[in-house]
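What's in run18.txt: compact mmCIF, C-alpha atoms and all ligand atoms
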# COMPACT_ATOMS: atom_id res chain seq x y z
CA MET U 1 98.61 74.86 156.50
CA THR U 2 95.43 73.05 155.45
CA ASP U 3 92.33 74.76 154.06
CA ILE U 4 89.11 72.74 154.02
CA ILE U 5 85.43 73.07 153.20
CA LEU U 6 82.79 71.34 155.32
CA LEU U 7 79.84 70.54 153.08
CA GLY U 8 76.48 69.19 154.20
CA PRO U 9 72.82 70.04 154.77
CA PRO U 10 71.55 72.05 157.75
CA GLY U 11 72.19 70.08 160.92
CA ALA U 12 74.81 67.78 159.37
CA GLY U 13 77.27 68.77 162.09
CA LYS U 14 79.51 71.24 160.22
CA GLY U 15 79.63 73.79 163.02
CA THR U 16 80.21 71.13 165.69
CA GLN U 17 83.20 69.67 163.85
CA ALA U 18 84.56 73.09 162.88
CA ARG U 19 84.68 74.14 166.54
CA ARG U 20 86.62 71.00 167.44
CA LEU U 21 89.17 71.71 164.71
CA VAL U 22 89.59 75.25 166.01
CA GLU U 23 90.23 73.97 169.55
CA GLU U 24 92.33 70.96 168.67
CA ARG U 25 94.35 72.23 165.70
CA GLY U 26 94.29 76.02 165.83
CA MET U 27 92.43 76.26 162.54
CA VAL U 28 90.21 79.28 161.83
CA GLN U 29 86.47 78.79 161.29
CA LEU U 30 84.88 80.96 158.62
CA SER U 31 81.13 80.40 159.04
CA THR U 32 79.00 82.55 156.74
CA GLY U 33 75.99 81.66 158.92
CA ASP U 34 77.72 83.16 161.98
CA MET U 35 78.85 86.22 159.99
CA LEU U 36 75.30 86.78 158.75
CA ARG U 37 73.83 86.34 162.25
CA GLU U 38 76.26 89.04 163.37
CA ALA U 39 75.24 91.28 160.45
CA ARG U 40 71.53 90.92 161.27
CA THR U 41 72.05 92.45 164.68
CA SER U 42 73.85 95.48 163.21
CA GLY U 43 70.66 97.55 162.90
CA THR U 44 71.46 98.42 159.27
CA GLU U 45 69.15 98.07 156.26
CA MET U 46 71.36 95.24 155.02
CA GLY U 47 71.03 93.50 158.41
CA ARG U 48 67.24 93.76 158.28
CA LYS U 49 67.10 92.23 154.79
CA VAL U 50 69.48 89.43 155.81
CA ALA U 51 67.32 88.61 158.86
CA GLU U 52 64.18 88.32 156.73
CA VAL U 53 65.84 85.97 154.23
CA MET U 54 67.48 83.79 156.90
CA ASP U 55 64.32 83.37 158.98
CA LYS U 56 62.49 82.06 155.92
CA GLY U 57 65.35 79.61 155.24
CA HIS U 58 66.36 81.06 151.87
CA LEU U 59 69.93 81.77 150.80
CA VAL U 60 71.31 85.29 151.16
CA THR U 61 72.64 86.72 147.87
CA ASP U 62 75.98 85.53 146.51
CA GLU U 63 77.18 89.14 146.42
CA ILE U 64 76.77 89.61 150.18
CA VAL U 65 78.36 86.34 151.30
CA ILE U 66 81.23 86.50 148.82
CA GLY U 67 81.92 90.03 150.09
CA LEU U 68 82.02 88.76 153.69
CA ILE U 69 84.39 85.91 152.83
CA ARG U 70 86.61 88.17 150.73
CA GLU U 71 87.07 90.51 153.71
CA ARG U 72 87.94 87.64 156.08
CA ILE U 73 90.47 86.03 153.73
CA ALA U 74 92.08 89.39 152.98
CA ALA U 75 92.41 90.03 156.72
CA GLY U 76 94.73 86.99 156.94
CA GLY U 77 95.20 85.26 160.29
CA ALA U 78 94.50 81.80 158.91
CA GLY U 79 96.17 80.01 161.82
CA ALA U 80 96.69 76.37 160.88
CA GLY U 81 94.25 76.82 157.99
CA PHE U 82 90.76 78.01 157.15
CA ILE U 83 87.65 75.90 157.70
CA PHE U 84 84.94 77.11 155.35
CA ASP U 85 81.71 76.21 157.18
CA GLY U 86 78.50 76.77 155.19
CA PHE U 87 80.38 78.37 152.30
CA PRO U 88 80.34 77.95 149.35
CA ARG U 89 76.66 77.13 148.88
CA THR U 90 76.21 77.85 145.17
CA LEU U 91 78.33 77.24 142.09
CA ALA U 92 78.90 81.01 141.79
CA GLN U 93 80.24 81.07 145.37
CA ALA U 94 82.49 78.07 144.62
CA ASP U 95 83.95 79.80 141.58
CA ALA U 96 84.44 83.00 143.58
CA LEU U 97 86.19 81.10 146.38
CA GLY U 98 88.51 79.46 143.85
CA ALA U 99 89.44 82.89 142.48
CA LEU U 100 89.95 84.35 145.98
CA MET U 101 92.19 81.45 146.95
CA ASP U 102 94.24 81.85 143.75
CA GLU U 103 94.63 85.58 144.42
CA THR U 104 96.03 84.91 147.88
CA GLY U 105 98.23 81.97 146.85
CA ARG U 106 96.15 79.46 148.84
CA ALA U 107 94.34 76.29 147.78
CA ILE U 108 91.53 74.14 149.13
CA ASP U 109 93.03 70.84 150.30
CA HIS U 110 89.89 68.84 151.06
CA VAL U 111 86.13 69.22 150.69
CA ILE U 112 84.59 67.04 153.37
CA GLU U 113 81.02 66.04 152.68
CA MET U 114 79.13 65.14 155.85
CA ALA U 115 76.64 62.51 154.74
CA VAL U 116 73.42 62.25 156.79
CA ASP U 117 69.83 61.08 156.36
CA ASP U 118 67.25 63.85 156.02
CA GLU U 119 65.14 62.27 158.78
CA VAL U 120 67.69 63.02 161.50
CA LEU U 121 68.01 66.68 160.56
CA VAL U 122 64.69 67.84 162.03
CA GLU U 123 65.57 66.17 165.32
CA ARG U 124 69.06 67.70 165.27
CA VAL U 125 68.09 71.29 164.57
CA SER U 126 64.99 71.29 166.78
CA GLY U 127 67.09 70.11 169.74
CA ARG U 128 69.96 72.55 169.17
CA SER U 129 70.96 75.35 171.52
CA THR U 130 74.03 77.55 171.47
CA CYS U 131 76.03 79.29 174.20
CA ALA U 132 75.32 83.01 173.78
CA THR U 133 78.83 83.87 175.00
CA CYS U 134 81.13 81.61 172.98
CA GLY U 135 78.92 79.84 170.42
CA GLU U 136 79.47 76.31 171.77
CA VAL U 137 76.78 74.04 170.27
CA TYR U 138 74.59 71.71 172.37
CA HIS U 139 71.74 69.32 171.74
CA ASP U 140 68.92 68.48 174.14
CA ARG U 141 69.51 64.73 173.74
CA THR U 142 72.96 64.06 172.25
CA ARG U 143 74.98 66.86 173.88
CA PRO U 144 72.98 68.37 176.71
CA ILE U 145 73.93 71.54 178.57
CA PRO U 146 75.70 70.41 181.80
CA GLY U 147 73.55 70.01 184.92
CA ASP U 148 75.07 73.13 186.53
CA GLY U 149 73.79 75.20 183.58
CA ARG U 150 77.31 76.35 182.64
CA CYS U 151 78.88 76.12 179.19
CA VAL U 152 81.71 73.53 179.15
CA ASN U 153 83.83 75.88 177.11
CA CYS U 154 83.44 79.32 178.73
CA GLY U 155 81.21 78.88 181.79
CA GLY U 156 78.51 81.09 180.26
CA THR U 157 74.99 80.59 181.53
CA THR U 158 72.88 81.97 178.67
CA PHE U 159 71.87 79.69 175.82
CA THR U 160 69.89 80.58 172.70
CA ARG U 161 67.87 78.79 170.04
CA ARG U 162 68.02 79.98 166.45
CA GLY U 163 64.98 81.62 164.84
CA ASP U 164 65.34 79.42 161.73
CA ASP U 165 65.47 76.13 163.68
CA ASN U 166 61.84 75.16 163.11
CA ALA U 167 60.24 72.58 160.83
CA ASP U 168 58.94 75.10 158.23
CA SER U 169 62.23 76.92 157.84
CA LEU U 170 64.16 73.64 157.81
CA ARG U 171 62.08 72.39 154.86
CA VAL U 172 63.02 75.52 152.87
CA ARG U 173 66.69 75.22 153.95
CA LEU U 174 66.78 71.58 152.85
CA LEU U 175 65.25 72.47 149.50
CA ALA U 176 67.85 75.22 149.06
CA TYR U 177 70.55 72.66 149.88
CA TYR U 178 69.37 70.16 147.28
CA LYS U 179 68.68 72.76 144.57
CA GLN U 180 71.60 75.11 145.02
CA THR U 181 74.31 73.48 147.15
CA SER U 182 74.31 69.75 146.36
CA PRO U 183 75.69 70.38 142.81
CA LEU U 184 78.92 71.28 144.62
CA VAL U 185 79.39 67.58 145.45
CA GLY U 186 79.90 66.89 141.73
CA TYR U 187 81.89 70.08 141.27
CA TYR U 188 84.47 69.14 143.90
CA TYR U 189 84.40 65.46 142.94
CA ALA U 190 85.50 66.50 139.46
CA LYS U 191 88.33 68.51 141.00
CA GLY U 192 89.46 65.44 142.96
CA LEU U 193 88.93 67.21 146.30
CA LEU U 194 85.81 65.47 147.61
CA ARG U 195 86.04 63.30 150.73
CA ARG U 196 83.11 61.81 152.64
CA VAL U 197 82.49 61.09 156.29
CA ASP U 198 79.50 59.42 157.93
CA GLY U 199 77.76 62.33 159.62
CA LEU U 200 75.38 59.94 161.38
CA ALA U 201 78.16 58.54 163.54
CA ALA U 202 78.75 59.82 167.08
CA ILE U 203 80.33 63.28 167.27
CA ALA U 204 83.71 61.85 168.42
CA ASP U 205 83.70 59.26 165.61
CA VAL U 206 82.97 61.92 162.99
CA ALA U 207 85.84 63.96 164.45
CA ALA U 208 88.16 60.94 164.15
CA ALA U 209 87.18 60.45 160.50
CA VAL U 210 87.82 64.14 159.77
CA ALA U 211 91.17 63.94 161.58
CA ALA U 212 92.18 60.91 159.50
CA ILE U 213 91.54 62.92 156.33
CA LEU U 214 93.53 65.91 157.57
CA ASP U 215 96.40 63.68 158.69
CA GLY U 216 96.44 61.80 155.41
CA ALA U 217 95.57 58.54 157.15
CA ALA U 218 92.24 58.02 155.38
CA ASP U 219 91.83 56.42 151.97
CA GLY U 220 92.19 58.65 148.92
CA PRO U 221 89.67 61.19 147.65
CA ALA U 222 86.08 60.05 147.12
CA ALA U 223 86.65 60.36 143.37
CA ALA U 224 89.57 57.94 143.47
CA GLU U 225 87.70 55.53 145.74
CA THR U 226 84.74 55.42 143.39
CA GLU U 227 86.94 54.90 140.33
CA ALA U 228 88.76 52.07 142.06
CA ALA U 229 85.46 50.45 143.07
CA GLY U 230 84.21 50.59 139.49
CA ALA U 231 87.47 49.27 138.00
P1 LIG U 301 74.17 78.23 158.66
O1 LIG U 301 74.36 78.89 159.94
O2 LIG U 301 75.34 77.91 157.81
O3 LIG U 301 73.29 76.96 158.92
P2 LIG U 301 73.19 75.56 158.16
O4 LIG U 301 74.05 75.30 157.00
O5 LIG U 301 71.72 75.44 157.92
O6 LIG U 301 73.79 74.59 159.13
P3 LIG U 301 73.51 74.51 160.62
O7 LIG U 301 74.30 75.52 161.39
O8 LIG U 301 72.02 74.48 160.84
O9 LIG U 301 74.01 73.03 160.92
P4 LIG U 301 75.45 72.43 161.14
O10 LIG U 301 75.74 71.49 160.00
O11 LIG U 301 76.47 73.45 161.46
O12 LIG U 301 75.09 71.54 162.41
P5 LIG U 301 75.56 71.69 163.95
O13 LIG U 301 76.99 71.33 164.08
O14 LIG U 301 75.09 72.98 164.53
O15 LIG U 301 73.19 79.10 157.74
C1 LIG U 301 72.02 79.68 158.23
C2 LIG U 301 71.40 80.57 157.16
O16 LIG U 301 72.32 81.63 156.79
C3 LIG U 301 71.08 79.89 155.82
O17 LIG U 301 69.82 79.25 155.85
C4 LIG U 301 71.12 81.09 154.87
O18 LIG U 301 69.95 81.88 154.97
C5 LIG U 301 72.28 81.91 155.39
N1 LIG U 301 73.59 81.54 154.80
C6 LIG U 301 74.66 81.02 155.47
N2 LIG U 301 75.68 80.83 154.62
C7 LIG U 301 75.25 81.22 153.39
C8 LIG U 301 75.85 81.22 152.11
N3 LIG U 301 77.11 80.77 151.91
N4 LIG U 301 75.12 81.68 151.07
C9 LIG U 301 73.86 82.15 151.24
N5 LIG U 301 73.22 82.16 152.43
C10 LIG U 301 73.92 81.69 153.50
O19 LIG U 301 74.71 70.47 164.56
C11 LIG U 301 73.29 70.52 164.64
C12 LIG U 301 72.83 69.83 165.94
O20 LIG U 301 73.15 68.43 165.86
C13 LIG U 301 73.54 70.36 167.20
O21 LIG U 301 72.62 70.39 168.25
C14 LIG U 301 74.66 69.31 167.47
O22 LIG U 301 74.96 69.20 168.86
C15 LIG U 301 74.04 68.05 166.92
N6 LIG U 301 75.04 67.15 166.31
C16 LIG U 301 76.08 67.53 165.51
N7 LIG U 301 76.77 66.43 165.11
C17 LIG U 301 76.14 65.36 165.65
C18 LIG U 301 76.38 63.93 165.59
N8 LIG U 301 77.40 63.43 164.88
N9 LIG U 301 75.53 63.13 166.28
C19 LIG U 301 74.49 63.63 167.01
N10 LIG U 301 74.22 64.97 167.12
C20 LIG U 301 75.03 65.82 166.43

Is it possible to express this structure as structure tokens?
Amino acid sequence: MTDIILLGPPGAGKGTQARRLVEERGMVQLSTGDMLREARTSGTEMGRKVAEVMDKGHLVTDEIVIGLIRERIAAGGAGAGFIFDGFPRTLAQADALGALMDETGRAIDHVIEMAVDDEVLVERVSGRSTCATCGEVYHDRTRPIPGDGRCVNCGGTTFTRRGDDNADSLRVRLLAYYKQTSPLVGYYYAKGLLRRVDGLAAIADVAAAVAAILDGAADGPAAAETEAAGA
């Protein structure tokens, strides 16, 4: 069983790669973004607050997201391993995840940083659409919805665009990434867990690089690579 974290800014391709790992390896995707989008439709006071924060591009409180992840891990059903997608996003969340994993006798095997240039992110998120039935992710240019208007995965015919996929919200989301989430690169580097893939490559090439890490065919952790380069 392999537990991994996919780390990267909005639009880096975390969700796209996570879905492939679910289909190809039977891993289980734990996306806090998806969980929060579900919560916002619940009609509760908490859901209303979450919606407001998400639409502006800010991070939801650590307390809420850690609670969501705790419930999912406790429920078990990890399949071939958990893929943490969009979590952790702060140092407090990373510490909490470490404690939760310890409690359940699990451990993070790899933290895969998806490296991209900021310039491509606007284009990626503004062209994104999602199958309303199964969550399959498309892009107007790089992964268009098939000509017959049916989802390749489930045949669904309704596709949605996210409320926070606009230039203003993306700017705030990027700022949140650099201020609150990017310190996790150093955090996991120090733990010897950090691996990097080129998120600018074609979707299939990114998937191959991720697969090489999971199968142990890639070079060692980013920390070890950097040390070797400096030696
Ligand atoms: P969340 O849903 O996690 O969004 P995000 O991190 O901003 O990431 P995205 O889903 O936008 O991008 P992605 O990396 O998954 O890219 P994708 O694969 O879709 O979070 C949303 C909000 O929820 C946050 O802003 C926050 O408010 C809240 N939240 C969530 N988690 C939280 C937490 N832990 N703590 C606090 N708040 C939290 O790809 C994007 C597009 O690019 C697609 O169209 C895809 O087809 C295309 N694409 C993907 N890969 C490639 C490629 N290699 N080449 C070309 N196109 C590609």

Fewer than 6 positions away in the same chain doesn't count, so skip those; otherwise give me all residues within 10 Å of U:Met54, counting all atoms listed in the file, as a PyMOL selection string. chain U and resi 33+36-37+40+60+163-164+169+173

Interface rows for chain U against ligand LIG 301 (chain U): nearest pair, Å to one decimal, 6 Å, all atoms listed in the file, as a tab-separated table:
residue	atom	partner	partner_atom	distance
U:Pro9	CA	U:LIG301	O4	5.8
U:Pro10	CA	U:LIG301	O5	3.4
U:Gly11	CA	U:LIG301	O9	3.5
U:Ala12	CA	U:LIG301	O10	3.9
U:Gly13	CA	U:LIG301	O13	3.3
U:Lys14	CA	U:LIG301	O10	3.8
U:Gly15	CA	U:LIG301	O11	3.5
U:Thr16	CA	U:LIG301	O13	3.6
U:Thr32	CA	U:LIG301	N2	4.3
U:Gly33	CA	U:LIG301	O1	3.4
U:Asp34	CA	U:LIG301	O1	5.8
U:Val53	CA	U:LIG301	O18	5.8
U:Met54	CA	U:LIG301	O18	3.7
U:Gly57	CA	U:LIG301	O17	4.5
U:His58	CA	U:LIG301	O18	4.8
U:Leu59	CA	U:LIG301	N5	3.7
U:Val60	CA	U:LIG301	N5	3.9
U:Thr61	CA	U:LIG301	C9	5.8
U:Val65	CA	U:LIG301	N4	5.7
U:Gly86	CA	U:LIG301	O2	4.3
U:Phe87	CA	U:LIG301	N3	4.1
U:Pro88	CA	U:LIG301	N3	5.0
U:Arg89	CA	U:LIG301	N3	4.8
U:Arg124	CA	U:LIG301	O20	4.2
U:Val125	CA	U:LIG301	C12	5.1
U:Gly127	CA	U:LIG301	O21	5.7
U:Arg128	CA	U:LIG301	O21	3.5
U:Val137	CA	U:LIG301	O22	5.4
U:Tyr138	CA	U:LIG301	O22	4.3
U:His139	CA	U:LIG301	O21	3.8
U:Thr142	CA	U:LIG301	N10	5.4
U:Arg143	CA	U:LIG301	O22	5.5
U:Arg173	CA	U:LIG301	O17	5.4
U:Gly199	CA	U:LIG301	N8	5.4
U:Leu200	CA	U:LIG301	N8	5.3
U:Ala201	CA	U:LIG301	N8	5.1
U:Ala202	CA	U:LIG301	N8	4.4
U:Ile203	CA	U:LIG301	N8	3.8

When distances are computed from only C-alpha atoms, which of U:Gln180, U:Ile213, U:Thr158, U:Met1 shows the smallest separation from U:Ala107?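 Among U:Gln180, U:Ile213, U:Thr158, U:Met1, it is U:Met1 that comes nearest to U:Ala107.
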
Need the shell around U:Leu214: protein/DNA/RNA residues with any atom at most 10 Å away, counting all atoms listed in the file. Skip same-chain ones fewer than 4 positions apart. Format as an MDAnalysis selection string? chainID U and resid 2:4 109:110 112 208:210 218

Would you work out the distance separating atom CA of U:Ala51 from atom CA of U:Thr133, expressed in Å to one decimal? 20.4 Å

Measuring atom to atom with all atoms listed in the file, identify which of U:Asp55, U:Asp215, U:Asp95, U:Asp102 is nearest to U:Asp168. U:Asp55
